[in-house]
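**Student:** You'll find structure14.cif just under this line, and it carries mmCIF, C-alpha atoms.
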```cif
data_coords
loop_
_atom_site.label_atom_id
_atom_site.label_comp_id
_atom_site.auth_asym_id
_atom_site.auth_seq_id
_atom_site.Cartn_x
_atom_site.Cartn_y
_atom_site.Cartn_z
CA MET A 1 4.58 15.73 65.01
CA THR A 2 1.58 16.04 62.83
CA ALA A 3 3.51 14.65 59.87
CA THR A 4 4.62 11.51 61.72
CA GLN A 5 1.12 11.04 62.98
CA GLN A 6 -0.17 11.14 59.46
CA ARG A 7 2.41 8.60 58.38
CA SER A 8 1.60 6.24 61.14
CA SER A 9 -2.05 6.53 60.26
CA ALA A 10 -1.30 5.91 56.59
CA ALA A 11 0.72 2.78 57.27
CA PRO A 12 -2.11 0.66 58.65
CA THR A 13 -4.33 1.48 55.68
CA ARG A 14 -1.59 0.23 53.34
CA ARG A 15 -1.26 -2.92 55.36
CA GLY A 16 -4.97 -3.19 55.21
CA ARG A 17 -4.95 -2.96 51.44
CA ARG A 18 -2.24 -5.60 51.19
CA ALA A 19 -4.23 -7.83 53.47
CA GLY A 20 -7.24 -7.28 51.24
CA ARG A 21 -5.21 -8.36 48.22
CA ARG A 22 -4.25 -11.71 49.69
CA PRO A 23 -6.84 -13.46 47.49
CA ALA A 24 -5.61 -11.20 44.64
CA ASN A 25 -2.20 -12.85 45.05
CA ALA A 26 -3.79 -16.17 44.27
CA SER A 27 -5.43 -14.73 41.20
CA ARG A 28 -2.05 -13.26 40.20
CA LEU A 29 -0.62 -16.76 40.45
CA LEU A 30 -3.53 -18.02 38.42
CA SER A 31 -3.01 -15.43 35.70
CA ALA A 32 0.70 -16.27 35.66
CA VAL A 33 -0.19 -19.91 35.10
CA ALA A 34 -2.69 -18.91 32.42
CA GLY A 35 -0.04 -16.71 30.81
CA LEU A 36 2.46 -19.54 30.81
CA ALA A 37 -0.16 -21.86 29.36
CA LEU A 38 -0.96 -19.36 26.61
CA ALA A 39 2.71 -18.82 25.85
CA GLY A 40 3.21 -22.58 25.77
CA ALA A 41 0.28 -22.98 23.43
CA ALA A 42 1.65 -20.23 21.21
CA ILE A 43 5.03 -21.94 21.05
CA MET A 44 3.32 -25.25 20.30
CA LEU A 45 1.33 -23.63 17.50
CA GLN A 46 4.54 -22.14 16.17
CA THR A 47 5.96 -25.64 15.69
CA MET A 48 2.92 -26.48 13.56
CA TYR A 49 3.58 -23.50 11.31
CA LEU A 50 4.15 -24.61 7.72
CA ASP A 51 7.30 -23.26 6.21
CA GLU A 52 7.49 -22.13 2.64
CA GLY A 53 8.45 -25.53 1.30
CA GLU A 54 5.73 -27.32 3.21
CA GLN A 55 3.10 -24.83 2.09
CA SER A 56 3.60 -25.88 -1.51
CA LEU A 57 3.09 -29.54 -0.67
CA PRO A 58 -0.16 -31.06 -1.89
CA LEU A 59 -3.05 -32.22 0.26
CA THR A 60 -3.02 -36.00 0.29
CA TYR A 61 -6.13 -38.16 0.30
CA VAL A 62 -5.37 -41.75 1.22
CA GLY A 63 -7.08 -44.98 0.20
CA ASP A 64 -6.58 -48.62 -0.68
CA LYS A 65 -6.56 -50.61 -3.89
CA GLY A 66 -10.08 -51.11 -5.26
CA GLU A 67 -11.44 -48.13 -3.32
CA ASP A 68 -12.68 -44.91 -4.88
CA VAL A 69 -10.23 -42.37 -3.45
CA ASP A 70 -11.89 -38.97 -3.55
CA ALA A 71 -9.33 -36.18 -3.81
CA LYS A 72 -12.16 -33.63 -4.13
CA ARG A 73 -11.22 -32.41 -7.60
CA PHE A 74 -10.90 -35.89 -8.96
CA THR A 75 -11.59 -39.43 -7.81
CA VAL A 76 -9.23 -42.24 -8.65
CA ARG A 77 -9.34 -45.99 -8.19
CA VAL A 78 -6.62 -48.59 -8.67
CA ASP A 79 -8.37 -51.58 -10.24
CA SER A 80 -5.48 -54.00 -10.64
CA TYR A 81 -1.76 -54.26 -11.25
CA LEU A 82 0.68 -56.78 -12.64
CA THR A 83 4.39 -57.16 -13.25
CA ALA A 84 6.08 -57.87 -16.57
CA LYS A 85 9.60 -58.51 -17.80
CA SER A 86 9.02 -56.67 -21.04
CA ILE A 87 6.44 -54.51 -22.74
CA ARG A 88 5.46 -54.70 -26.39
CA SER A 89 4.32 -51.31 -27.56
CA VAL A 90 1.57 -50.61 -30.07
CA THR A 91 4.27 -50.06 -32.69
CA ASP A 92 5.45 -53.63 -32.01
CA LYS A 93 8.66 -52.57 -30.34
CA THR A 94 9.57 -54.61 -27.30
CA ILE A 95 11.31 -52.93 -24.40
CA GLY A 96 13.03 -54.95 -21.73
CA THR A 97 14.27 -54.14 -18.28
CA ASP A 98 16.84 -55.28 -15.75
CA HIS A 99 14.24 -54.75 -13.06
CA LEU A 100 10.46 -55.14 -13.32
CA PHE A 101 7.71 -53.32 -15.11
CA LEU A 102 4.75 -52.63 -12.86
CA VAL A 103 1.59 -51.98 -14.85
CA VAL A 104 -1.14 -50.26 -12.85
CA ASN A 105 -4.70 -50.26 -14.20
CA ALA A 106 -6.57 -47.29 -12.82
CA SER A 107 -9.89 -45.51 -13.30
CA ALA A 108 -10.64 -41.88 -12.68
CA LYS A 109 -13.36 -39.25 -12.87
CA SER A 110 -13.38 -35.59 -11.97
CA SER A 111 -15.80 -33.51 -9.93
CA LEU A 112 -16.35 -30.24 -11.78
CA LYS A 113 -13.88 -29.66 -14.57
CA PRO A 114 -12.21 -31.94 -17.07
CA TYR A 115 -8.60 -32.68 -16.18
CA LYS A 116 -5.75 -34.71 -17.48
CA LEU A 117 -3.98 -36.37 -14.58
CA GLY A 118 -0.23 -36.10 -14.18
CA GLN A 119 2.13 -39.04 -14.34
CA PRO A 120 1.91 -40.84 -10.99
CA VAL A 121 4.75 -41.59 -8.60
CA LEU A 122 5.39 -44.91 -6.90
CA MET A 123 6.30 -44.38 -3.26
CA THR A 124 8.12 -47.17 -1.46
CA GLU A 125 7.80 -48.03 2.20
CA ASP A 126 11.02 -46.16 3.02
CA GLY A 127 9.93 -43.06 1.15
CA LYS A 128 11.73 -43.49 -2.17
CA LYS A 129 9.84 -42.00 -5.08
CA PHE A 130 9.91 -43.59 -8.52
CA SER A 131 8.45 -41.54 -11.33
CA ALA A 132 6.41 -43.43 -13.91
CA THR A 133 8.80 -44.62 -16.59
CA ASP A 134 9.46 -42.46 -19.64
CA ARG A 135 10.25 -45.53 -21.71
CA VAL A 136 6.56 -46.01 -22.39
CA ASP A 137 5.17 -43.01 -24.23
CA SER A 138 2.86 -41.04 -21.93
CA SER A 139 0.27 -40.93 -24.73
CA GLN A 140 -0.31 -44.61 -23.96
CA THR A 141 -1.20 -43.90 -20.35
CA LEU A 142 -4.26 -42.65 -18.49
CA SER A 143 -2.60 -39.21 -18.43
CA ASN A 144 -3.51 -38.83 -22.08
CA VAL A 145 -7.23 -39.26 -21.39
CA TRP A 146 -9.49 -36.40 -20.37
CA VAL A 147 -10.96 -37.13 -16.98
CA GLN A 148 -14.49 -35.70 -17.07
CA PRO A 149 -17.02 -35.08 -14.33
CA ASP A 150 -18.94 -38.19 -13.33
CA ILE A 151 -17.67 -40.30 -16.23
CA TRP A 152 -15.30 -43.06 -15.23
CA VAL A 153 -12.40 -43.55 -17.62
CA SER A 154 -9.77 -46.26 -17.34
CA GLY A 155 -6.18 -46.54 -18.39
CA ARG A 156 -2.74 -47.79 -17.50
CA TYR A 157 0.40 -46.47 -15.94
CA PHE A 158 3.85 -47.99 -16.22
CA PHE A 159 6.63 -48.08 -13.66
CA GLU A 160 10.07 -49.56 -13.95
CA VAL A 161 11.16 -50.53 -10.44
CA PRO A 162 13.43 -53.02 -8.71
CA ALA A 163 11.60 -55.84 -6.92
CA SER A 164 12.75 -54.39 -3.59
CA ALA A 165 10.50 -51.35 -4.14
CA LEU A 166 7.29 -53.40 -4.13
CA PRO A 167 6.57 -54.21 -0.45
CA GLY A 168 4.35 -51.52 1.03
CA ALA A 169 4.32 -49.54 -2.21
CA ARG A 170 1.79 -46.79 -2.77
CA VAL A 171 0.92 -45.01 -5.99
CA VAL A 172 0.40 -41.25 -5.78
CA PHE A 173 -1.82 -39.64 -8.40
CA GLY A 174 -1.86 -35.89 -8.81
CA MET A 175 -2.62 -33.04 -11.13
CA PRO A 176 -0.30 -32.41 -14.06
CA GLN A 177 2.49 -29.92 -13.51
CA SER A 178 1.48 -26.45 -14.55
CA PHE A 179 3.21 -23.12 -14.87
CA ILE A 180 1.07 -21.60 -12.17
CA VAL A 181 2.22 -22.87 -8.82
CA GLU A 182 -0.83 -23.48 -6.72
CA SER A 183 -0.75 -24.42 -3.06
CA TYR A 184 -2.77 -27.25 -1.59
CA GLN A 185 -3.24 -29.16 -4.81
CA PRO A 186 -4.94 -32.46 -4.16
CA GLU A 187 -3.26 -35.81 -4.63
CA ALA A 188 -4.55 -39.32 -4.07
CA GLU A 189 -2.28 -41.87 -2.44
CA VAL A 190 -3.41 -45.44 -3.05
CA ASP A 191 -1.92 -48.30 -1.05
CA LEU A 192 -1.43 -51.30 -3.31
CA GLY A 193 -1.82 -53.58 -0.29
CA LEU A 194 1.43 -55.46 -0.90
CA ASP A 195 2.93 -57.03 2.20
CA GLU A 196 6.30 -58.81 2.07
CA GLU A 197 4.72 -62.10 1.03
CA ALA A 198 2.46 -60.66 -1.67
CA ALA A 199 5.32 -58.52 -3.01
CA ARG A 200 7.57 -61.56 -3.27
CA LYS A 201 4.87 -63.46 -5.14
CA LEU A 202 4.24 -60.54 -7.48
CA ALA A 203 7.94 -60.11 -8.20
CA ALA A 204 8.43 -63.84 -8.77
CA SER A 205 5.67 -64.19 -11.33
CA PRO A 206 6.08 -61.49 -13.96
CA GLN A 207 4.54 -61.85 -17.39
CA ASP A 208 7.13 -62.43 -20.08
CA VAL A 209 5.61 -59.86 -22.37
CA TYR A 210 2.89 -57.36 -21.62
CA SER A 211 1.32 -56.33 -24.88
CA MET A 212 -0.14 -52.85 -25.01
CA ALA A 213 -2.28 -53.75 -27.98
CA LYS A 214 -4.53 -56.03 -25.95
CA LYS A 215 -7.06 -54.27 -23.88
CA MET B 216 69.93 19.71 32.19
CA THR B 217 72.23 16.86 31.14
CA GLU B 218 70.84 14.54 33.69
CA PRO B 219 67.14 14.79 32.73
CA SER B 220 67.88 14.81 28.96
CA GLY B 221 70.12 11.74 29.25
CA GLY B 222 67.51 10.00 31.34
CA SER B 223 64.74 10.76 28.86
CA SER B 224 66.72 9.44 25.86
CA ASP B 225 67.38 6.24 27.79
CA ARG B 226 63.73 5.86 28.51
CA ALA B 227 62.56 6.78 24.97
CA ARG B 228 64.27 3.82 23.29
CA ARG B 229 62.23 1.15 25.03
CA PRO B 230 58.64 2.30 24.32
CA VAL B 231 59.26 2.93 20.57
CA VAL B 232 60.16 -0.65 19.58
CA VAL B 233 57.17 -2.34 21.20
CA PRO B 234 54.39 -0.18 19.65
CA ALA B 235 56.13 -0.28 16.27
CA LEU B 236 56.24 -4.05 16.40
CA ALA B 237 52.61 -4.17 17.54
CA LEU B 238 51.58 -1.84 14.74
CA THR B 239 53.43 -3.89 12.13
CA THR B 240 51.83 -7.12 13.38
CA PHE B 241 48.43 -5.49 13.48
CA THR B 242 48.79 -4.20 9.91
CA ALA B 243 50.04 -7.56 8.67
CA VAL B 244 47.09 -9.37 10.27
CA GLY B 245 44.72 -6.74 8.85
CA ILE B 246 46.07 -7.14 5.33
CA THR B 247 45.88 -10.94 5.61
CA ALA B 248 42.29 -10.69 6.78
CA MET B 249 41.48 -8.31 3.91
CA LEU B 250 42.98 -10.67 1.36
CA GLY B 251 40.75 -13.51 2.48
CA GLY B 252 42.17 -14.52 5.80
CA LEU B 253 44.27 -17.48 6.71
CA ARG B 254 41.87 -19.98 5.18
CA GLU B 255 43.38 -22.48 2.83
CA ALA B 256 43.38 -21.52 -0.80
CA PRO B 257 40.85 -23.52 -2.87
CA GLU B 258 42.34 -26.85 -3.69
CA GLU B 259 42.97 -27.90 -7.22
CA PRO B 260 40.34 -30.42 -8.28
CA GLU B 261 41.29 -34.07 -8.14
CA ALA B 262 42.83 -35.08 -11.46
CA LEU B 263 41.32 -38.40 -12.42
CA GLY B 264 41.35 -40.72 -15.39
CA GLN B 265 39.42 -43.58 -16.86
CA GLY B 266 37.68 -45.83 -14.34
CA ALA B 267 37.63 -43.16 -11.64
CA VAL B 268 34.74 -43.14 -9.18
CA ILE B 269 33.47 -39.70 -8.17
CA ASP B 270 31.24 -39.10 -5.16
CA GLN B 271 28.87 -36.37 -6.33
CA GLY B 272 26.58 -36.52 -3.32
CA GLN B 273 23.36 -37.18 -5.17
CA PHE B 274 25.16 -39.53 -7.53
CA THR B 275 28.03 -41.98 -7.34
CA THR B 276 29.59 -41.85 -10.75
CA LYS B 277 32.09 -44.18 -12.34
CA VAL B 278 33.71 -42.78 -15.45
CA VAL B 279 33.87 -45.83 -17.67
CA GLY B 280 35.65 -44.22 -20.61
CA SER B 281 35.36 -42.49 -23.93
CA ARG B 282 35.22 -43.95 -27.41
CA VAL B 283 34.18 -43.29 -30.96
CA THR B 284 31.10 -45.24 -32.01
CA VAL B 285 29.67 -45.66 -35.46
CA GLU B 286 26.02 -46.13 -36.23
CA ARG B 287 25.83 -47.94 -39.55
CA ALA B 288 23.39 -46.73 -42.15
CA ARG B 289 20.25 -48.81 -42.27
CA THR B 290 19.21 -47.80 -45.78
CA GLN B 291 21.27 -46.79 -48.78
CA PHE B 292 19.98 -43.24 -48.47
CA GLU B 293 21.39 -42.88 -45.00
CA GLU B 294 24.99 -42.34 -44.10
CA ASP B 295 27.01 -43.80 -41.31
CA LYS B 296 26.98 -41.59 -38.25
CA ARG B 297 30.00 -41.25 -36.04
CA PHE B 298 29.81 -40.21 -32.41
CA VAL B 299 32.17 -39.44 -29.58
CA ASP B 300 30.70 -41.10 -26.51
CA VAL B 301 31.63 -40.66 -22.87
CA VAL B 302 30.23 -43.51 -20.80
CA PHE B 303 29.37 -43.29 -17.09
CA ASP B 304 27.88 -45.68 -14.59
CA VAL B 305 25.67 -43.50 -12.42
CA LYS B 306 23.98 -44.53 -9.21
CA ASN B 307 21.27 -42.24 -7.90
CA ASN B 308 21.79 -41.96 -4.12
CA GLY B 309 18.74 -39.74 -3.69
CA ASP B 310 15.20 -40.67 -2.73
CA GLU B 311 13.58 -39.52 -5.94
CA THR B 312 13.85 -40.19 -9.63
CA ALA B 313 16.39 -37.74 -11.06
CA SER B 314 16.71 -36.63 -14.63
CA VAL B 315 19.71 -37.23 -16.86
CA GLY B 316 19.56 -33.65 -18.13
CA SER B 317 22.22 -32.04 -20.26
CA PRO B 318 25.42 -30.10 -19.59
CA PRO B 319 25.12 -26.34 -18.98
CA GLN B 320 25.57 -23.99 -21.92
CA LYS B 321 27.72 -21.73 -19.79
CA ILE B 322 29.48 -22.49 -16.54
CA GLU B 323 27.76 -19.46 -14.94
CA SER B 324 24.33 -21.03 -15.35
CA ALA B 325 25.40 -24.45 -14.07
CA PHE B 326 24.49 -23.90 -10.43
CA THR B 327 20.76 -23.78 -11.21
CA LEU B 328 20.79 -27.24 -12.76
CA ALA B 329 19.66 -30.24 -10.79
CA SER B 330 20.34 -33.09 -13.14
CA PHE B 331 23.21 -35.52 -13.57
CA ALA B 332 24.60 -34.02 -16.78
CA GLY B 333 24.21 -30.55 -15.29
CA SER B 334 27.22 -31.40 -13.15
CA LEU B 335 29.47 -31.81 -16.22
CA VAL B 336 30.15 -28.11 -16.04
CA LYS B 337 32.99 -27.89 -18.53
CA ILE B 338 33.89 -30.16 -21.40
CA ASP B 339 37.17 -29.61 -23.19
CA PRO B 340 37.60 -29.50 -26.18
CA ALA B 341 34.31 -27.75 -26.87
CA PHE B 342 32.26 -29.34 -29.61
CA PRO B 343 30.29 -27.24 -32.11
CA LYS B 344 26.72 -26.47 -31.09
CA ASP B 345 25.09 -28.70 -33.68
CA ALA B 346 27.10 -31.68 -32.42
CA GLY B 347 24.87 -32.09 -29.41
CA PRO B 348 25.36 -33.40 -26.86
CA ASN B 349 22.66 -35.98 -26.58
CA VAL B 350 22.67 -37.39 -23.06
CA PHE B 351 20.70 -40.50 -22.16
CA ALA B 352 20.71 -43.53 -19.94
CA ARG B 353 20.79 -46.90 -21.63
CA SER B 354 18.57 -49.69 -20.44
CA LYS B 355 18.43 -52.93 -22.40
CA GLY B 356 19.20 -51.23 -25.69
CA ASP B 357 16.53 -48.60 -25.08
CA GLU B 358 16.98 -44.99 -24.03
CA THR B 359 15.60 -43.24 -20.98
CA ARG B 360 16.17 -39.88 -19.35
CA GLN B 361 15.36 -41.02 -15.84
CA LEU B 362 17.70 -42.13 -13.08
CA HIS B 363 15.64 -44.02 -10.54
CA PRO B 364 16.58 -43.94 -6.84
CA GLY B 365 19.03 -46.61 -5.70
CA VAL B 366 19.52 -47.83 -9.26
CA THR B 367 22.77 -47.77 -11.23
CA SER B 368 22.33 -46.81 -14.88
CA GLN B 369 24.71 -46.47 -17.77
CA VAL B 370 24.66 -42.86 -18.93
CA ILE B 371 26.08 -41.81 -22.29
CA LEU B 372 27.15 -38.32 -23.26
CA ARG B 373 27.17 -38.33 -27.05
CA TYR B 374 28.51 -35.82 -29.56
CA GLN B 375 28.01 -36.33 -33.26
CA LEU B 376 31.01 -35.92 -35.56
CA LYS B 377 30.63 -34.48 -39.02
CA ASP B 378 31.98 -36.37 -42.05
CA THR B 379 35.41 -34.88 -42.02
CA ASP B 380 35.76 -34.18 -38.32
CA GLN B 381 38.47 -36.01 -36.51
CA PRO B 382 37.62 -37.03 -32.95
CA PRO B 383 39.71 -35.33 -30.28
CA GLU B 384 42.50 -37.38 -28.79
CA LYS B 385 41.54 -36.48 -25.27
CA ILE B 386 38.46 -35.18 -23.49
CA THR B 387 38.63 -33.37 -20.18
CA LEU B 388 35.53 -33.07 -18.02
CA ASP B 389 35.12 -30.77 -15.02
CA VAL B 390 32.67 -32.50 -12.71
CA ALA B 391 30.76 -30.68 -9.96
CA ALA B 392 28.93 -32.23 -7.01
CA PHE B 393 25.58 -31.83 -5.26
CA GLU B 394 24.63 -31.43 -1.62
CA TRP B 395 21.33 -31.89 0.18
CA GLU B 396 20.59 -28.36 1.30
CA SER B 397 17.81 -25.90 1.84
CA ASP B 398 17.37 -22.56 0.12
CA TRP B 399 17.34 -19.20 1.87
CA ASN B 400 13.57 -18.93 1.38
CA ASN B 401 12.68 -22.58 1.73
CA VAL B 402 13.79 -24.81 4.58
CA THR B 403 12.73 -28.00 2.79
CA PRO B 404 16.03 -29.31 1.48
CA ARG B 405 16.76 -30.38 -2.08
CA TRP B 406 19.80 -31.43 -4.07
CA LYS B 407 21.76 -28.34 -4.97
CA MET B 408 24.96 -28.01 -6.91
CA VAL B 409 27.88 -27.02 -4.70
CA ALA B 410 28.71 -23.52 -5.88
CA THR B 411 30.54 -20.51 -4.49
CA GLU B 412 29.90 -16.85 -5.05
CA ALA B 413 32.52 -15.21 -7.24
CA GLY B 414 31.77 -11.55 -7.78
CA ASP B 415 28.19 -11.36 -9.06
CA LYS B 416 28.22 -14.95 -10.29
CA TYR B 417 27.88 -18.36 -8.74
CA LEU B 418 30.47 -20.78 -9.99
CA PRO B 419 30.25 -24.50 -9.32
CA GLU B 420 33.01 -26.06 -7.30
CA ILE B 421 34.94 -28.50 -9.44
CA LYS B 422 34.99 -31.76 -7.55
CA ALA B 423 37.06 -33.68 -10.05
CA ARG B 424 38.78 -33.13 -13.38
CA VAL B 425 38.66 -36.26 -15.49
CA THR B 426 40.88 -36.69 -18.54
CA LEU B 427 39.99 -39.49 -20.90
CA SER B 428 41.69 -40.65 -24.06
CA VAL B 429 39.17 -41.20 -26.82
CA LYS B 430 39.40 -44.74 -28.11
CA GLU B 431 38.55 -45.85 -31.59
CA GLY B 432 35.41 -47.88 -31.23
CA ASP B 433 33.41 -50.33 -33.24
CA ALA B 434 29.99 -50.07 -34.70
CA VAL B 435 27.11 -50.13 -32.28
#
```
Represent the structure of the file as structure tokens.
**Tutor:**
Amino acid sequence: MTATQQRSSAAPTRRGRRAGRRPANASRLLSAVAGLALAGAAIMLQTMYLDEGEQSLPLTYVGDKGEDVDAKRFTVRVDSYLTAKSIRSVTDKTIGTDHLFLVVNASAKSSLKPYKLGQPVLMTEDGKKFSATDRVDSSQTLSNVWVQPDIWVSGRYFFEVPASALPGARVVFGMPQSFIVESYQPEAEVDLGLDEEAARKLAASPQDVYSMAKK
Amino acid sequence: MTEPSGGSSDRARRPVVVPALALTTFTAVGITAMLGGLREAPEEPEALGQGAVIDQGQFTTKVVGSRVTVERARTQFEEDKRFVDVVFDVKNNGDETASVGSPPQKIESAFTLASFAGSLVKIDPAFPKDAGPNVFARSKGDETRQLHPGVTSQVILRYQLKDTDQPPEKITLDVAAFEWESDWNNVTPRWKMVATEAGDKYLPEIKARVTLSVKEGDAV
């Protein structure tokens, strides 16, 4: 008898506790929501995780033609560009093309250390990447010039591209390739500001011969 | 005694055949699985000739032909040079400028190469080492080692012949292909040569075997 009495006296206290936790149920719901939110945020962050290939991609600083594009380690500016049907080299050899030569006049300076810039890449609107042509010796390009802190130097780069690559084209300047693979190298992406109309005009009016001797 | 023994011998016949058959089938399947399963055996590469078009993934390649070319001496101190050329029309289907490259020294090292000529994994007959090859793309009489995206270029694989060497009558090329794939440690895809593991080596899959007769050519 005593045992059952004890039980019956214990039962109300339990009920009482449960009743007291009613607001605690709400907080449990709240913490569940918070937990879900945290888990969701974690999953969302996970999608932003850079995989190994993406980690080796450079940091891109973007600008337009005529602007100083500061890529932190170096600053680059596209001064002008033109198209040509052939190029006469300093050794008086003329090279022709079935497509177009795009000559980009650029200036650069560095921030702390002297650098030589790498050969740039021409990126088309649909993401095709044209390396600067190897038919013009790289010693004739801006890549052969030391880019020093606070001293602007100018030079040229040469691309051989079909006319269809011109609309929306951007030129990407970066550091030269080195043996040490470094993540987050800077690169400067300069929009040449060529819309369909301007690209058609540029492609339709190439110089017959671009002479490298003239400066 | 006779009745139970006769009954048991009648019963024994039936259960023996079925497990034996099952065991035989099981063993046969096991052996087949061990020997590489019921997959089809690797197909012989396509045997192609002059003018064939090969889809190499990254490149669409037309094998134009093979010929002997002569480069005339420009001064009296020079001698005429003779070459065996194999001519291709190569279109770069990729998004980036690719390099012309050169054929692999050994077929085992081919799978690491990511250039057009890297896919010419075996060239028969083998030329001596000092014969080259020199591989380049021709553009308006000038040479380049770049294959720009979406552009078709004429690529020449050139071996130099010594004074007394006779050019081979026929050249056979084993051509591999590329696929846009990611590495095990890098999910960003790139063009990789299609290769299969064979023992401790990776051997490229031969997409096509092209046999060309070497034509006598004129001076360039």
**Student:** Taking only C-alpha atoms into account, find every residue of chain B that has an atom no more than 10 Å from chain A, and write it out as a compact mmCIF listing (two decimals) with C-alpha atoms, in the coordinates of the input.
**Tutor:**
```txt
# COMPACT_ATOMS: atom_id res chain seq x y z
CA GLY B 309 18.74 -39.74 -3.69
CA ASP B 310 15.20 -40.67 -2.73
CA GLU B 311 13.58 -39.52 -5.94
CA THR B 312 13.85 -40.19 -9.63
CA ALA B 313 16.39 -37.74 -11.06
CA SER B 354 18.57 -49.69 -20.44
CA LYS B 355 18.43 -52.93 -22.40
CA GLY B 356 19.20 -51.23 -25.69
CA ASP B 357 16.53 -48.60 -25.08
CA GLU B 358 16.98 -44.99 -24.03
CA THR B 359 15.60 -43.24 -20.98
CA ARG B 360 16.17 -39.88 -19.35
CA GLN B 361 15.36 -41.02 -15.84
CA LEU B 362 17.70 -42.13 -13.08
CA HIS B 363 15.64 -44.02 -10.54
CA PRO B 364 16.58 -43.94 -6.84
CA GLY B 365 19.03 -46.61 -5.70
CA VAL B 366 19.52 -47.83 -9.26
CA SER B 397 17.81 -25.90 1.84
CA ASP B 398 17.37 -22.56 0.12
CA ASN B 400 13.57 -18.93 1.38
CA ASN B 401 12.68 -22.58 1.73
CA VAL B 402 13.79 -24.81 4.58
CA THR B 403 12.73 -28.00 2.79
CA PRO B 404 16.03 -29.31 1.48
```
**Student:** Report, in Å to a single decimal, how far apart CA of Ala71 (chain A) and CA of Gln140 (chain A) are.
**Tutor:**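 Taking CA of Gln140 (chain A) and CA of Ala71 (chain A), their separation equals 23.6 Å.
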**Student:** So that all listed atoms of region 66-69 of chain A fit with 5 Å spare on each side, what axis-aligned box centre and edge lengths in Å, to one decimal, would you give as lines of an AutoDock Vina configuration file?
**Tutor:**
```
center_x = -11.4
center_y = -46.7
center_z = -4.3
size_x = 12.6
size_y = 18.7
size_z = 11.9
```
**Student:** Using all atoms listed in the file, which protein or nucleic acid residues come within 12 Å of Asp137 (chain A)? Drop anything in the same chain fewer than 5 positions from it, and give the result as a PDB file with C-alpha atoms, keeping the file's coordinate frame.
**Tutor:**
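selection_4.pdb was written with the following content:
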```
ATOM      1  CA  ILE A  87       6.440 -54.510 -22.740  1.00  0.00           C
ATOM      2  CA  ARG A  88       5.460 -54.700 -26.390  1.00  0.00           C
ATOM      3  CA  SER A  89       4.320 -51.310 -27.560  1.00  0.00           C
ATOM      4  CA  VAL A  90       1.570 -50.610 -30.070  1.00  0.00           C
ATOM      5  CA  THR A  91       4.270 -50.060 -32.690  1.00  0.00           C
ATOM      6  CA  LYS A  93       8.660 -52.570 -30.340  1.00  0.00           C
ATOM      7  CA  ILE A  95      11.310 -52.930 -24.400  1.00  0.00           C
ATOM      8  CA  GLN A 119       2.130 -39.040 -14.340  1.00  0.00           C
ATOM      9  CA  ALA A 132       6.410 -43.430 -13.910  1.00  0.00           C
ATOM     10  CA  LEU A 142      -4.260 -42.650 -18.490  1.00  0.00           C
ATOM     11  CA  SER A 143      -2.600 -39.210 -18.430  1.00  0.00           C
ATOM     12  CA  ASN A 144      -3.510 -38.830 -22.080  1.00  0.00           C
ATOM     13  CA  ARG A 156      -2.740 -47.790 -17.500  1.00  0.00           C
ATOM     14  CA  TYR A 157       0.400 -46.470 -15.940  1.00  0.00           C
ATOM     15  CA  PHE A 158       3.850 -47.990 -16.220  1.00  0.00           C
ATOM     16  CA  PHE A 159       6.630 -48.080 -13.660  1.00  0.00           C
ATOM     17  CA  MET A 212      -0.140 -52.850 -25.010  1.00  0.00           C
TER      18      MET A 212
ATOM     19  CA  GLU B 358      16.980 -44.990 -24.030  1.00  0.00           C
ATOM     20  CA  THR B 359      15.600 -43.240 -20.980  1.00  0.00           C
TER      21      THR B 359
END
```
**Student:** Which residues come within 10 Å of Val104 (chain A), counting all atoms listed in the file, excluding same-chain residues fewer than 3 positions away, as a PyMOL selection string?
**Tutor:** chain A and resi 78-83+101+107+141-142+155-159+171+192
**Student:** Assuming the chain letters and numbering stay as they are in my file, what does the PyMOL selection byres ((chain B and resi 391-393) around 12) actually select? List them as a ChimeraX atom specification.
**Tutor:** /B:260-261,269-276,307-309,318-319,322,325-338,388-390,394-396,404-411,418-425
**Student:** Starting from the displayed file, determine the output of the PyMOL selection byres ((chain B and resi 426) around 12) and express the residue list as a ChimeraX atom specification.
**Tutor:** /B:261-267,278-281,301,337-340,383-390,423-425,427-429
**Student:** When the PyMOL selection byres ((chain A and resi 110) around 10) is applied to the structure above, which residues does it catch, written out as a list in words?
**Tutor:**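 Answer for the PyMOL selection byres ((chain A and resi 110) around 10): Asp70, Ala71, Lys72, Arg73, Phe74, Thr75, Val76, Ala108, Lys109, Ser111, Leu112, Lys113, Pro114, Tyr115, Lys116, Leu117, Trp146, Val147, Gln148, Pro149, Asp150, Ile151, Trp152 and Val153 of chain A.
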**Student:** Please provide as a PyMOL selection string all residues within 7 Å of Ser368 (chain B), with the sequence filter that same-chain residues fewer than 6 positions apart are discarded (counting all atoms listed in the file).
**Tutor:** chain B and resi 304-306+352-353+362
**Student:** Taking C-alpha atoms for each residue, export the selection above as a short mmCIF file (atom, residue, chain, number, x, y, z; two decimals), in the frame of the given file.
**Tutor:**
```cif
data_model
loop_
_atom_site.label_atom_id
_atom_site.label_comp_id
_atom_site.auth_asym_id
_atom_site.auth_seq_id
_atom_site.Cartn_x
_atom_site.Cartn_y
_atom_site.Cartn_z
CA ASP B 304 27.88 -45.68 -14.59
CA VAL B 305 25.67 -43.50 -12.42
CA LYS B 306 23.98 -44.53 -9.21
CA ALA B 352 20.71 -43.53 -19.94
CA ARG B 353 20.79 -46.90 -21.63
CA LEU B 362 17.70 -42.13 -13.08
#
```
